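Okay, final.pdb now, which holds PDB, C-alpha atoms:
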```pdb
ATOM      1  CA  MET E1125     -26.616 136.156 220.354
ATOM      2  CA  ILE E1126     -26.334 133.657 217.526
ATOM      3  CA  GLU E1127     -27.741 130.216 216.859
ATOM      4  CA  LYS E1128     -26.029 127.245 215.220
ATOM      5  CA  HIS E1129     -26.934 123.670 214.364
ATOM      6  CA  ILE E1130     -24.110 121.126 214.701
ATOM      7  CA  ILE E1131     -24.536 117.737 213.006
ATOM      8  CA  LEU E1132     -22.824 114.698 214.535
ATOM      9  CA  GLU E1133     -21.837 112.924 211.329
ATOM     10  CA  ASP E1134     -20.566 109.317 211.057
ATOM     11  CA  ILE E1135     -21.108 108.436 214.727
ATOM     12  CA  ASP E1136     -23.828 106.996 216.938
ATOM     13  CA  PRO E1137     -25.247 110.000 218.867
ATOM     14  CA  VAL E1138     -26.199 107.684 221.766
ATOM     15  CA  VAL E1139     -22.479 107.073 222.421
ATOM     16  CA  PHE E1140     -21.783 110.805 222.196
ATOM     17  CA  TYR E1141     -24.615 111.835 224.554
ATOM     18  CA  GLY E1142     -23.932 109.026 227.031
ATOM     19  CA  VAL E1143     -26.280 106.832 229.049
ATOM     20  CA  GLY E1144     -29.221 108.964 230.177
ATOM     21  CA  ASN E1145     -27.602 111.927 228.352
ATOM     22  CA  ALA E1146     -24.916 112.022 231.057
ATOM     23  CA  HIS E1147     -22.197 113.275 228.672
ATOM     24  CA  LEU E1148     -24.513 115.924 227.260
ATOM     25  CA  GLN E1149     -25.352 117.176 230.755
ATOM     26  CA  MET E1150     -21.650 117.404 231.568
ATOM     27  CA  ILE E1151     -20.974 119.385 228.390
ATOM     28  CA  LYS E1152     -23.828 121.751 229.275
ATOM     29  CA  SER E1153     -22.353 122.296 232.738
ATOM     30  CA  LEU E1154     -18.978 123.172 231.196
ATOM     31  CA  TYR E1155     -20.661 125.751 228.914
ATOM     32  CA  PRO E1156     -23.146 127.467 231.252
ATOM     33  CA  LYS E1157     -23.413 130.568 229.031
ATOM     34  CA  LEU E1158     -24.798 128.579 226.117
ATOM     35  CA  ARG E1159     -28.246 127.141 225.634
ATOM     36  CA  ILE E1160     -27.748 123.626 224.267
ATOM     37  CA  VAL E1161     -30.537 121.370 222.961
ATOM     38  CA  ALA E1162     -29.835 118.018 221.324
ATOM     39  CA  ARG E1163     -32.151 115.850 219.260
ATOM     40  CA  ASP E1164     -31.087 112.806 217.264
ATOM     41  CA  ASN E1165     -27.721 113.726 215.705
ATOM     42  CA  ILE E1166     -28.308 117.491 215.705
ATOM     43  CA  ILE E1167     -27.168 119.836 218.492
ATOM     44  CA  ARG E1168     -28.847 123.246 218.530
ATOM     45  CA  VAL E1169     -26.797 125.938 220.313
ATOM     46  CA  LEU E1170     -27.727 129.506 221.207
ATOM     47  CA  GLY E1171     -25.354 132.022 222.769
ATOM     48  CA  ASP E1172     -22.343 134.336 222.532
ATOM     49  CA  GLU E1173     -20.289 134.065 219.311
ATOM     50  CA  GLU E1174     -16.900 133.642 221.042
ATOM     51  CA  GLU E1175     -18.203 130.977 223.421
ATOM     52  CA  MET E1176     -19.965 129.323 220.482
ATOM     53  CA  ALA E1177     -16.691 129.049 218.529
ATOM     54  CA  SER E1178     -15.001 127.254 221.432
ATOM     55  CA  PHE E1179     -17.978 124.915 221.853
ATOM     56  CA  GLU E1180     -18.117 124.088 218.146
ATOM     57  CA  GLU E1181     -14.390 123.309 218.009
ATOM     58  CA  ASN E1182     -14.523 121.019 221.050
ATOM     59  CA  VAL E1183     -17.669 119.199 219.922
ATOM     60  CA  GLU E1184     -15.859 118.397 216.663
ATOM     61  CA  LYS E1185     -12.895 117.049 218.665
ATOM     62  CA  MET E1186     -15.272 114.911 220.724
ATOM     63  CA  ARG E1187     -17.001 113.666 217.559
ATOM     64  CA  ARG E1188     -13.645 112.623 216.094
ATOM     65  CA  HIS E1189     -12.786 110.910 219.374
ATOM     66  CA  VAL E1190     -15.980 108.834 219.226
ATOM     67  CA  LEU E1191     -15.382 108.067 215.542
ATOM     68  CA  LYS E1192     -11.852 106.818 216.226
ATOM     69  CA  TYR E1193     -12.277 105.074 219.586
ATOM     70  CA  ASN E1194     -15.978 104.065 219.472
ATOM     71  CA  ASN E1195     -16.236 105.458 222.989
ATOM     72  CA  ILE E1196     -15.954 108.575 225.134
ATOM     73  CA  ASN E1197     -16.130 109.142 228.885
ATOM     74  CA  ASP E1198     -16.287 112.075 231.301
ATOM     75  CA  GLU E1199     -12.492 112.177 231.627
ATOM     76  CA  ASP E1200     -12.089 112.366 227.846
ATOM     77  CA  ILE E1201     -14.617 115.204 227.598
ATOM     78  CA  LEU E1202     -12.835 117.167 230.312
ATOM     79  CA  ASP E1203      -9.426 116.580 228.710
ATOM     80  CA  ILE E1204     -10.682 117.769 225.311
ATOM     81  CA  ILE E1205     -12.320 120.916 226.690
ATOM     82  CA  LYS E1206      -9.220 121.697 228.773
ATOM     83  CA  GLY E1207      -7.004 121.193 225.705
ATOM     84  CA  ARG E1208      -5.235 118.118 227.071
ATOM     85  CA  GLN E1209      -4.350 114.827 225.350
ATOM     86  CA  THR E1210      -6.802 112.065 226.167
ATOM     87  CA  LYS E1211      -5.599 108.768 227.639
ATOM     88  CA  GLU E1212      -6.384 106.889 224.400
ATOM     89  CA  GLU E1213      -4.330 109.312 222.300
ATOM     90  CA  GLY E1214      -1.227 108.314 224.252
ATOM     91  CA  VAL E1215      -1.508 104.655 223.206
ATOM     92  CA  LYS E1216       0.774 103.732 220.290
ATOM     93  CA  GLY E1217       0.480 101.086 217.576
ATOM     94  CA  VAL E1218      -3.317 100.882 217.544
ATOM     95  CA  ILE E1219      -5.011 100.032 214.231
ATOM     96  CA  VAL E1220      -8.579 100.762 215.377
ATOM     97  CA  TYR E1221     -10.642 100.429 218.544
ATOM     98  CA  ASN E1222     -13.432  97.888 218.906
ATOM     99  CA  ILE E1223     -16.971  98.794 219.939
ATOM    100  CA  SER E1224     -16.002  98.514 223.628
ATOM    101  CA  GLY E1225     -13.117 100.939 223.193
ATOM    102  CA  LYS E1226     -10.486  98.174 223.378
ATOM    103  CA  PRO E1227      -7.460  98.749 221.111
ATOM    104  CA  ILE E1228      -6.866  96.353 218.227
ATOM    105  CA  LYS E1229      -3.103  95.996 217.808
ATOM    106  CA  CYS E1230      -0.599  93.583 216.310
ATOM    107  CA  LYS E1231       0.263  90.724 218.662
ATOM    108  CA  SER E1232       3.214  89.255 216.789
ATOM    109  CA  GLU E1233       6.072  90.208 214.479
ATOM    110  CA  ASN E1234       4.384  88.668 211.439
ATOM    111  CA  GLN E1235       1.121  90.481 212.174
ATOM    112  CA  GLN E1236       3.126  93.718 212.141
ATOM    113  CA  LYS E1237       4.569  92.634 208.780
ATOM    114  CA  LEU E1238       1.001  92.364 207.490
ATOM    115  CA  VAL E1239       0.263  95.929 208.627
ATOM    116  CA  ASP E1240       3.514  97.189 207.052
ATOM    117  CA  ALA E1241       2.756  95.336 203.801
ATOM    118  CA  PHE E1242      -0.703  96.950 203.697
ATOM    119  CA  GLU E1243       0.821 100.405 204.046
ATOM    120  CA  ASN E1244       3.514  99.817 201.405
ATOM    121  CA  ASN E1245       1.673  97.808 198.735
ATOM    122  CA  ASP E1246      -1.613  97.962 196.827
ATOM    123  CA  MET E1247      -2.052  94.183 196.861
ATOM    124  CA  ILE E1248      -1.194  91.812 199.707
ATOM    125  CA  PHE E1249      -1.292  88.034 199.979
ATOM    126  CA  ALA E1250      -1.511  86.874 203.618
ATOM    127  CA  THR E1251      -1.318  83.135 204.219
ATOM    128  CA  GLY E1252      -1.218  81.037 207.364
ATOM    129  CA  PRO E1253      -3.159  78.646 209.595
ATOM    130  CA  ALA E1254      -6.434  79.343 211.407
ATOM    131  CA  GLY E1255      -6.315  81.837 214.247
ATOM    132  CA  THR E1256      -3.350  83.920 213.079
ATOM    133  CA  GLY E1257      -5.467  87.065 212.607
ATOM    134  CA  LYS E1258      -5.172  87.289 208.806
ATOM    135  CA  THR E1259      -8.790  88.230 208.180
ATOM    136  CA  TYR E1260      -9.395  90.138 211.406
ATOM    137  CA  LEU E1261      -6.354  92.404 210.972
ATOM    138  CA  SER E1262      -7.159  92.969 207.298
ATOM    139  CA  ILE E1263     -10.683  94.090 208.165
ATOM    140  CA  ALA E1264      -9.315  96.323 210.951
ATOM    141  CA  LEU E1265      -7.005  97.993 208.419
ATOM    142  CA  ALA E1266      -9.945  98.450 206.055
ATOM    143  CA  VAL E1267     -12.101 100.004 208.792
ATOM    144  CA  ARG E1268      -9.270 102.388 209.682
ATOM    145  CA  ALA E1269      -8.890 103.453 206.044
ATOM    146  CA  LEU E1270     -12.653 104.055 205.830
ATOM    147  CA  LYS E1271     -12.712 106.115 209.033
ATOM    148  CA  GLU E1272      -9.773 108.192 207.795
ATOM    149  CA  LYS E1273     -11.645 108.711 204.484
ATOM    150  CA  ALA E1274      -8.707 107.278 202.515
ATOM    151  CA  ILE E1275     -11.298 105.108 200.729
ATOM    152  CA  ARG E1276     -15.051 105.270 200.133
ATOM    153  CA  LYS E1277     -16.028 101.644 200.674
ATOM    154  CA  ILE E1278     -15.049  98.231 201.985
ATOM    155  CA  ILE E1279     -15.777  95.116 199.924
ATOM    156  CA  LEU E1280     -15.453  91.711 201.570
ATOM    157  CA  SER E1281     -15.763  88.430 199.708
ATOM    158  CA  ARG E1282     -15.398  84.677 200.086
ATOM    159  CA  PRO E1283     -15.759  81.774 197.675
ATOM    160  CA  ALA E1284     -18.895  79.787 198.541
ATOM    161  CA  VAL E1285     -17.297  76.352 198.501
ATOM    162  CA  GLU E1286     -19.119  73.384 199.996
ATOM    163  CA  ALA E1287     -16.885  72.054 202.762
ATOM    164  CA  GLY E1288     -18.460  68.617 203.016
ATOM    165  CA  GLU E1289     -21.975  70.064 203.217
ATOM    166  CA  LYS E1290     -24.328  70.529 200.287
ATOM    167  CA  LEU E1291     -25.375  74.135 199.731
ATOM    168  CA  GLY E1292     -28.590  73.147 197.966
ATOM    169  CA  PHE E1293     -29.962  71.447 201.053
ATOM    170  CA  LEU E1294     -29.688  74.544 203.248
ATOM    171  CA  PRO E1295     -33.082  76.182 203.922
ATOM    172  CA  GLY E1296     -34.161  79.573 202.594
ATOM    173  CA  ASP E1297     -33.477  81.684 199.510
ATOM    174  CA  MET E1298     -30.049  82.302 197.954
ATOM    175  CA  LYS E1299     -29.104  84.961 200.540
ATOM    176  CA  ASP E1300     -30.000  82.585 203.375
ATOM    177  CA  LYS E1301     -27.870  79.859 201.771
ATOM    178  CA  ILE E1302     -24.863  82.131 201.189
ATOM    179  CA  ASP E1303     -24.824  84.105 204.487
ATOM    180  CA  PRO E1304     -23.374  81.255 206.605
ATOM    181  CA  TYR E1305     -20.246  81.333 204.430
ATOM    182  CA  LEU E1306     -19.881  85.070 205.020
ATOM    183  CA  GLN E1307     -20.661  85.084 208.759
ATOM    184  CA  PRO E1308     -16.977  85.327 209.889
ATOM    185  CA  LEU E1309     -16.740  88.605 207.966
ATOM    186  CA  TYR E1310     -19.882  89.945 209.665
ATOM    187  CA  ASP E1311     -18.454  88.885 213.052
ATOM    188  CA  ALA E1312     -15.254  90.899 212.567
ATOM    189  CA  LEU E1313     -17.141  94.006 211.442
ATOM    190  CA  GLU E1314     -19.589  93.760 214.359
ATOM    191  CA  ASP E1315     -16.604  93.818 216.713
ATOM    192  CA  MET E1316     -15.283  97.066 215.231
ATOM    193  CA  LEU E1317     -18.336  99.128 214.293
ATOM    194  CA  PRO E1318     -21.439  99.961 216.369
ATOM    195  CA  ALA E1319     -24.446  97.942 215.189
ATOM    196  CA  VAL E1320     -26.471 100.985 214.102
ATOM    197  CA  LYS E1321     -23.551 102.427 212.133
ATOM    198  CA  LEU E1322     -22.697  99.078 210.528
ATOM    199  CA  GLN E1323     -26.301  98.553 209.429
ATOM    200  CA  ASP E1324     -26.414 102.060 207.950
ATOM    201  CA  MET E1325     -23.152 101.518 206.050
ATOM    202  CA  MET E1326     -24.365  98.217 204.636
ATOM    203  CA  GLU E1327     -27.682  99.713 203.540
ATOM    204  CA  LYS E1328     -25.770 102.496 201.747
ATOM    205  CA  ASN E1329     -23.345  99.954 200.190
ATOM    206  CA  ILE E1330     -20.394 101.628 201.897
ATOM    207  CA  ILE E1331     -19.650  98.170 203.264
ATOM    208  CA  GLN E1332     -20.439  95.286 200.916
ATOM    209  CA  ILE E1333     -20.200  91.564 201.694
ATOM    210  CA  ALA E1334     -20.740  89.171 198.835
ATOM    211  CA  PRO E1335     -19.689  85.777 197.455
ATOM    212  CA  LEU E1336     -16.784  85.793 195.007
ATOM    213  CA  ALA E1337     -19.060  85.000 192.053
ATOM    214  CA  PHE E1338     -20.736  88.402 192.535
ATOM    215  CA  MET E1339     -17.426  90.197 191.736
ATOM    216  CA  ARG E1340     -17.472  89.250 188.059
ATOM    217  CA  GLY E1341     -17.771  92.235 185.708
ATOM    218  CA  ARG E1342     -17.127  94.866 188.386
ATOM    219  CA  THR E1343     -14.330  97.434 188.620
ATOM    220  CA  LEU E1344     -13.569  98.070 192.278
ATOM    221  CA  SER E1345     -12.274 101.604 192.905
ATOM    222  CA  ASP E1346     -11.736 103.772 196.032
ATOM    223  CA  ALA E1347     -11.960 100.701 198.232
ATOM    224  CA  VAL E1348     -10.236  98.135 200.372
ATOM    225  CA  VAL E1349     -11.213  94.767 198.912
ATOM    226  CA  ILE E1350     -10.605  91.615 200.948
ATOM    227  CA  LEU E1351     -10.892  88.099 199.581
ATOM    228  CA  ASP E1352     -10.986  85.617 202.454
ATOM    229  CA  GLU E1353     -10.486  81.820 202.230
ATOM    230  CA  ALA E1354      -8.769  82.296 198.872
ATOM    231  CA  GLN E1355      -7.312  78.773 199.038
ATOM    232  CA  ASN E1356     -10.778  77.652 197.883
ATOM    233  CA  THR E1357     -10.677  79.605 194.625
ATOM    234  CA  THR E1358      -9.885  78.097 191.252
ATOM    235  CA  THR E1359      -7.206  79.667 189.055
ATOM    236  CA  ALA E1360      -9.875  81.299 186.870
ATOM    237  CA  GLN E1361     -11.794  82.676 189.860
ATOM    238  CA  LEU E1362      -8.750  84.253 191.498
ATOM    239  CA  ARG E1363      -7.528  85.692 188.196
ATOM    240  CA  MET E1364     -10.974  87.228 187.678
ATOM    241  CA  PHE E1365     -10.917  88.711 191.186
ATOM    242  CA  LEU E1366      -7.414  90.197 190.953
ATOM    243  CA  THR E1367      -8.259  91.942 187.683
ATOM    244  CA  ARG E1368     -11.237  93.750 189.278
ATOM    245  CA  MET E1369      -8.773  96.209 190.854
ATOM    246  CA  GLY E1370      -9.478  99.883 190.139
ATOM    247  CA  TRP E1371      -7.945 103.227 191.101
ATOM    248  CA  ASN E1372      -7.179 104.033 194.768
ATOM    249  CA  THR E1373      -7.833 100.426 195.765
ATOM    250  CA  LYS E1374      -6.013  98.019 198.018
ATOM    251  CA  MET E1375      -6.624  94.293 197.779
ATOM    252  CA  VAL E1376      -5.907  91.776 200.530
ATOM    253  CA  ILE E1377      -6.072  88.076 199.702
ATOM    254  CA  THR E1378      -6.010  85.706 202.676
ATOM    255  CA  GLY E1379      -5.914  81.941 202.819
ATOM    256  CA  ASP E1380      -4.878  78.795 204.671
ATOM    257  CA  MET E1381      -3.221  76.248 202.391
ATOM    258  CA  THR E1382      -3.926  73.448 204.893
ATOM    259  CA  GLN E1383      -7.710  73.858 204.559
ATOM    260  CA  ILE E1384      -8.459  73.469 200.852
ATOM    261  CA  ASP E1385     -12.049  72.318 200.229
ATOM    262  CA  LEU E1386     -11.886  72.168 196.429
ATOM    263  CA  PRO E1387     -12.813  68.922 194.642
ATOM    264  CA  ARG E1388     -10.030  66.340 194.527
ATOM    265  CA  GLY E1389      -7.605  67.038 191.692
ATOM    266  CA  GLN E1390      -8.560  70.741 191.482
ATOM    267  CA  ARG E1391      -5.510  72.929 192.147
ATOM    268  CA  SER E1392      -5.960  75.946 194.408
ATOM    269  CA  GLY E1393      -5.873  79.274 192.578
ATOM    270  CA  LEU E1394      -4.122  80.789 195.592
ATOM    271  CA  ALA E1395      -1.274  78.279 195.443
ATOM    272  CA  GLU E1396      -0.778  79.015 191.752
ATOM    273  CA  SER E1397      -0.968  82.805 192.206
ATOM    274  CA  LEU E1398       1.647  82.781 194.969
ATOM    275  CA  ASP E1399       4.048  81.235 192.473
ATOM    276  CA  ILE E1400       3.060  83.269 189.386
ATOM    277  CA  LEU E1401       3.037  86.687 191.107
ATOM    278  CA  LYS E1402       5.991  86.287 193.483
ATOM    279  CA  ASN E1403       8.206  88.752 191.546
ATOM    280  CA  VAL E1404       5.554  91.326 190.620
ATOM    281  CA  GLU E1405       6.369  94.799 191.949
ATOM    282  CA  GLY E1406       3.717  96.345 194.217
ATOM    283  CA  ILE E1407       2.492  93.047 195.648
ATOM    284  CA  GLY E1408       3.357  92.148 199.245
ATOM    285  CA  PHE E1409       3.505  88.612 200.615
ATOM    286  CA  VAL E1410       3.153  87.776 204.312
ATOM    287  CA  SER E1411       3.313  84.268 205.747
ATOM    288  CA  LEU E1412       1.985  83.745 209.261
ATOM    289  CA  GLY E1413       2.660  80.644 211.340
ATOM    290  CA  GLN E1414       1.951  78.833 214.584
ATOM    291  CA  LYS E1415       3.592  81.518 216.727
ATOM    292  CA  ASP E1416       1.090  84.072 215.380
ATOM    293  CA  ILE E1417      -2.018  82.177 216.534
ATOM    294  CA  VAL E1418      -4.014  84.406 218.882
ATOM    295  CA  ARG E1419      -6.972  82.135 219.645
ATOM    296  CA  HIS E1420      -7.301  79.671 222.520
ATOM    297  CA  LYS E1421      -3.995  77.893 223.287
ATOM    298  CA  LEU E1422      -5.575  74.610 222.158
ATOM    299  CA  VAL E1423      -5.762  75.970 218.587
ATOM    300  CA  THR E1424      -1.957  76.089 218.453
ATOM    301  CA  ARG E1425      -1.737  72.527 219.749
ATOM    302  CA  ILE E1426      -4.333  71.337 217.235
ATOM    303  CA  VAL E1427      -2.495  73.005 214.332
ATOM    304  CA  ASN E1428       0.781  71.436 215.506
ATOM    305  CA  ALA E1429      -0.803  67.979 215.805
ATOM    306  CA  TYR E1430      -2.293  68.107 212.303
ATOM    307  CA  GLU E1431       0.965  69.386 210.773
ATOM    308  CA  SER E1432       2.858  66.563 212.447
ATOM    309  CA  HIS E1433       0.299  64.058 211.167
ATOM    310  CA  ASP E1434       0.528  65.451 207.620
ATOM    311  CA  LYS E1435       4.335  65.164 207.658
ATOM    312  CA  ASP E1436       4.188  61.567 208.914
ATOM    313  CA  LEU E1437       1.587  60.697 206.268
ATOM    314  CA  ALA E1438       3.672  62.267 203.481
ATOM    315  CA  LYS E1439       6.767  60.401 204.666
ATOM    316  CA  SER E1440       4.821  57.121 204.812
ATOM    317  CA  GLN E1441       3.470  57.624 201.270
ATOM    318  CA  GLU E1442       6.958  58.424 199.968
ATOM    319  CA  THR E1443       8.338  55.246 201.578
ATOM    320  CA  THR E1444       5.510  53.200 200.039
ATOM    321  CA  ARG E1445       6.274  54.609 196.570
ATOM    322  CA  GLU E1446       9.983  53.858 196.954
ATOM    323  CA  ASN E1447       9.259  50.242 197.949
ATOM    324  CA  SER E1448       6.727  49.595 195.192
TER     325      SER E1448
END
```
How does this structure look as structure tokens?
Amino acid sequence: MIEKHIILEDIDPVVFYGVGNAHLQMIKSLYPKLRIVARDNIIRVLGDEEEMASFEENVEKMRRHVLKYNNINDEDILDIIKGRQTKEEGVKGVIVYNISGKPIKCKSENQQKLVDAFENNDMIFATGPAGTGKTYLSIALAVRALKEKAIRKIILSRPAVEAGEKLGFLPGDMKDKIDPYLQPLYDALEDMLPAVKLQDMMEKNIIQIAPLAFMRGRTLSDAVVILDEAQNTTTAQLRMFLTRMGWNTKMVITGDMTQIDLPRGQRSGLAESLDILKNVEGIGFVSLGQKDIVRHKLVTRIVNAYESHDKDLAKSQETTRENS
């Protein structure tokens, strides 16, 4: 008889044990020769060495399943213990699974181009209108890299530009003023990582979310670094950000050139960078469009209406200049 302690690392033990410890009870029933006691993220096992080896191997497979899919059910447990492929493992093209176990996959050709560019380049510029999945897919790719231990941290940033609202008049301290600008990044992460795990990662600085100004002076290594809303950066800001890149780091810069909130006359740093860096080896460029919009169908119609209006306005201004 031997005793072992197995630690469930990187996962929420509540998901592993199941509601009312239902999964744990099932595992116990499948290993009747072992005495199994679980507390927090530690499983204490007492029993025969050969049976223990099988149990330890399968618990590790179950732990990896929960880490990858954010979920596990009775059927999955049985499949793993019987040495069969689980239903989720048969699904192809999945980037990660959300907290409900739903697969996050590309929904258009250009979204797939973004995934391919991420795999083949260390720096990627992804541009396109609202709702095309630029930020969401980029964060999903970052979460996958973190889960696979290809990197050690995720760093997410946005420029805190006042879009018609004065930052100084918002209530609270600086964090309270800045957080509303960063909320879309929190939303995406909360969809992909269990709340307890996300909180733990943020407390340990494994996941960092900060305004662009906070990047100055840093060297960002062993990370996926995402700069969102980059159309609202100045040339100097974006140049500063791009030169923060360290070893084993991927950078994703996303932006929508139709939603620039910079002061009038101030050129977007993103627009300039797209032109300056277009021939630099190792940088990928992906342009998403109306057909890639994955939000409510009205978003596509709204984008179309505004683009049509902008074209008519530009044509009208050109005619006025020609006649003057």
What separation in Å, quoted to one decimal, exists between atom CA of E:Leu1322 and atom CA of E:Thr1251?
27.4 Å
Exercise: E:Thr1382 partners within 10 Å, only C-alpha atoms, chain neighbours under 4 positions left out, as a PyMOL selection string:
chain E and resi 1252-1254+1355+1427+1430-1431+1434
Using the chain letters and numbers from this file, what does the PyMOL selection byres ((chain E and resi 1262) around 10) select? Give the answer as a ChimeraX atom specification.
/E:1235,1238-1239,1242,1248,1250,1257-1261,1263-1268,1312,1348-1352,1375-1378
I need the residues from that last selection saved to file as an mmCIF file, in the coordinates of the input (with C-alpha atoms), if you can.
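Saved the output as again25.cif:
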```cif
data_model
loop_
_atom_site.group_PDB
_atom_site.id
_atom_site.type_symbol
_atom_site.label_atom_id
_atom_site.label_comp_id
_atom_site.auth_asym_id
_atom_site.auth_seq_id
_atom_site.Cartn_x
_atom_site.Cartn_y
_atom_site.Cartn_z
ATOM 1 C CA GLN E 1235 1.121 90.481 212.174
ATOM 2 C CA LEU E 1238 1.001 92.364 207.490
ATOM 3 C CA VAL E 1239 0.263 95.929 208.627
ATOM 4 C CA PHE E 1242 -0.703 96.950 203.697
ATOM 5 C CA ILE E 1248 -1.194 91.812 199.707
ATOM 6 C CA ALA E 1250 -1.511 86.874 203.618
ATOM 7 C CA GLY E 1257 -5.467 87.065 212.607
ATOM 8 C CA LYS E 1258 -5.172 87.289 208.806
ATOM 9 C CA THR E 1259 -8.790 88.230 208.180
ATOM 10 C CA TYR E 1260 -9.395 90.138 211.406
ATOM 11 C CA LEU E 1261 -6.354 92.404 210.972
ATOM 12 C CA ILE E 1263 -10.683 94.090 208.165
ATOM 13 C CA ALA E 1264 -9.315 96.323 210.951
ATOM 14 C CA LEU E 1265 -7.005 97.993 208.419
ATOM 15 C CA ALA E 1266 -9.945 98.450 206.055
ATOM 16 C CA VAL E 1267 -12.101 100.004 208.792
ATOM 17 C CA ARG E 1268 -9.270 102.388 209.682
ATOM 18 C CA ALA E 1312 -15.254 90.899 212.567
ATOM 19 C CA VAL E 1348 -10.236 98.135 200.372
ATOM 20 C CA VAL E 1349 -11.213 94.767 198.912
ATOM 21 C CA ILE E 1350 -10.605 91.615 200.948
ATOM 22 C CA LEU E 1351 -10.892 88.099 199.581
ATOM 23 C CA ASP E 1352 -10.986 85.617 202.454
ATOM 24 C CA MET E 1375 -6.624 94.293 197.779
ATOM 25 C CA VAL E 1376 -5.907 91.776 200.530
ATOM 26 C CA ILE E 1377 -6.072 88.076 199.702
ATOM 27 C CA THR E 1378 -6.010 85.706 202.676
#
```
Compare E:Asp1416, E:Glu1181, E:Glu1212, E:Asp1436 by their minimum atom-to-atom distance to E:Glu1233, counting all atoms listed in the file, and give me the closest one.
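Of E:Asp1416, E:Glu1181, E:Glu1212, E:Asp1436, the one nearest E:Glu1233 is E:Asp1416, counting all atoms listed in the file.
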Work out how far apart atom CA of E:Arg1276 and atom CA of E:Met1325 are and give it in Å to one decimal.
10.7 Å
Which of these, E:Gly1142, E:Gly1341, E:Gly1393, E:Pro1137, has the shortest distance to E:Lys1321 once you count only C-alpha atoms?
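That would be E:Pro1137, the residue with the smallest distance to E:Lys1321.
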Surrounding residues of E:Val1138 excluding itself and chain neighbours under 5 positions, 9 Å, all atoms listed in the file, as number ranges by chain
E: 1143, 1145, 1164-1165
Please measure the separation of atom CA of E:Leu1313 and atom CA of E:Leu1280, giving the value in Å to one decimal.
10.3 Å
To verify the selection step, state as a ChimeraX atom specification which residues the PyMOL selection byres ((chain E and resi 1197) around 12) yields on this input.
/E:1139-1143,1145-1148,1150-1151,1186,1189-1190,1193-1196,1198-1204,1210-1212,1224-1225
Please tell me which residues are no farther than 8 Å from (-2.7, 86.5, 190.8) in the file, counting only C-alpha atoms, and write them as a list in words.
Leu1362, Arg1363, Leu1366, Leu1394, Glu1396, Ser1397, Leu1398, Ile1400 and Leu1401 of chain E
Using only C-alpha atoms, pick whichever of E:Thr1343, E:Gln1149, E:Thr1256, E:Asn1245 has the shortest atom-to-atom distance to E:Phe1365.
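Looking only at the distances to E:Phe1365, the closest residue turns out to be E:Thr1343.
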The PyMOL selection byres ((chain E and resi 1332) around 7) resolved against shown file, as a CSV table (one decimal) with C-alpha atoms, in the frame of the given file:
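Here's the written file selection.csv:
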```
chain,number,residue,atom,x,y,z
E,1278,ILE,CA,-15.0,98.2,202.0
E,1279,ILE,CA,-15.8,95.1,199.9
E,1280,LEU,CA,-15.5,91.7,201.6
E,1326,MET,CA,-24.4,98.2,204.6
E,1329,ASN,CA,-23.3,100.0,200.2
E,1330,ILE,CA,-20.4,101.6,201.9
E,1331,ILE,CA,-19.6,98.2,203.3
E,1333,ILE,CA,-20.2,91.6,201.7
E,1334,ALA,CA,-20.7,89.2,198.8
```
Tell me which protein, DNA and RNA residues are within 8 Å of E:Ser1345, counting only C-alpha atoms, leaving out same-chain ones fewer than 6 positions away, and put them as a list in words.
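Neighbouring residues, sequence-local ones excluded: Met1369, Gly1370, Trp1371, Asn1372 and Thr1373 of chain E.
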Name all residues at most 12 Å from E:Ser1178 (count only C-alpha atoms; drop same-chain ones fewer than 2 positions away) and give them as a PyMOL selection string.
chain E and resi 1154-1155+1157-1158+1169+1171-1176+1180-1185+1204-1207
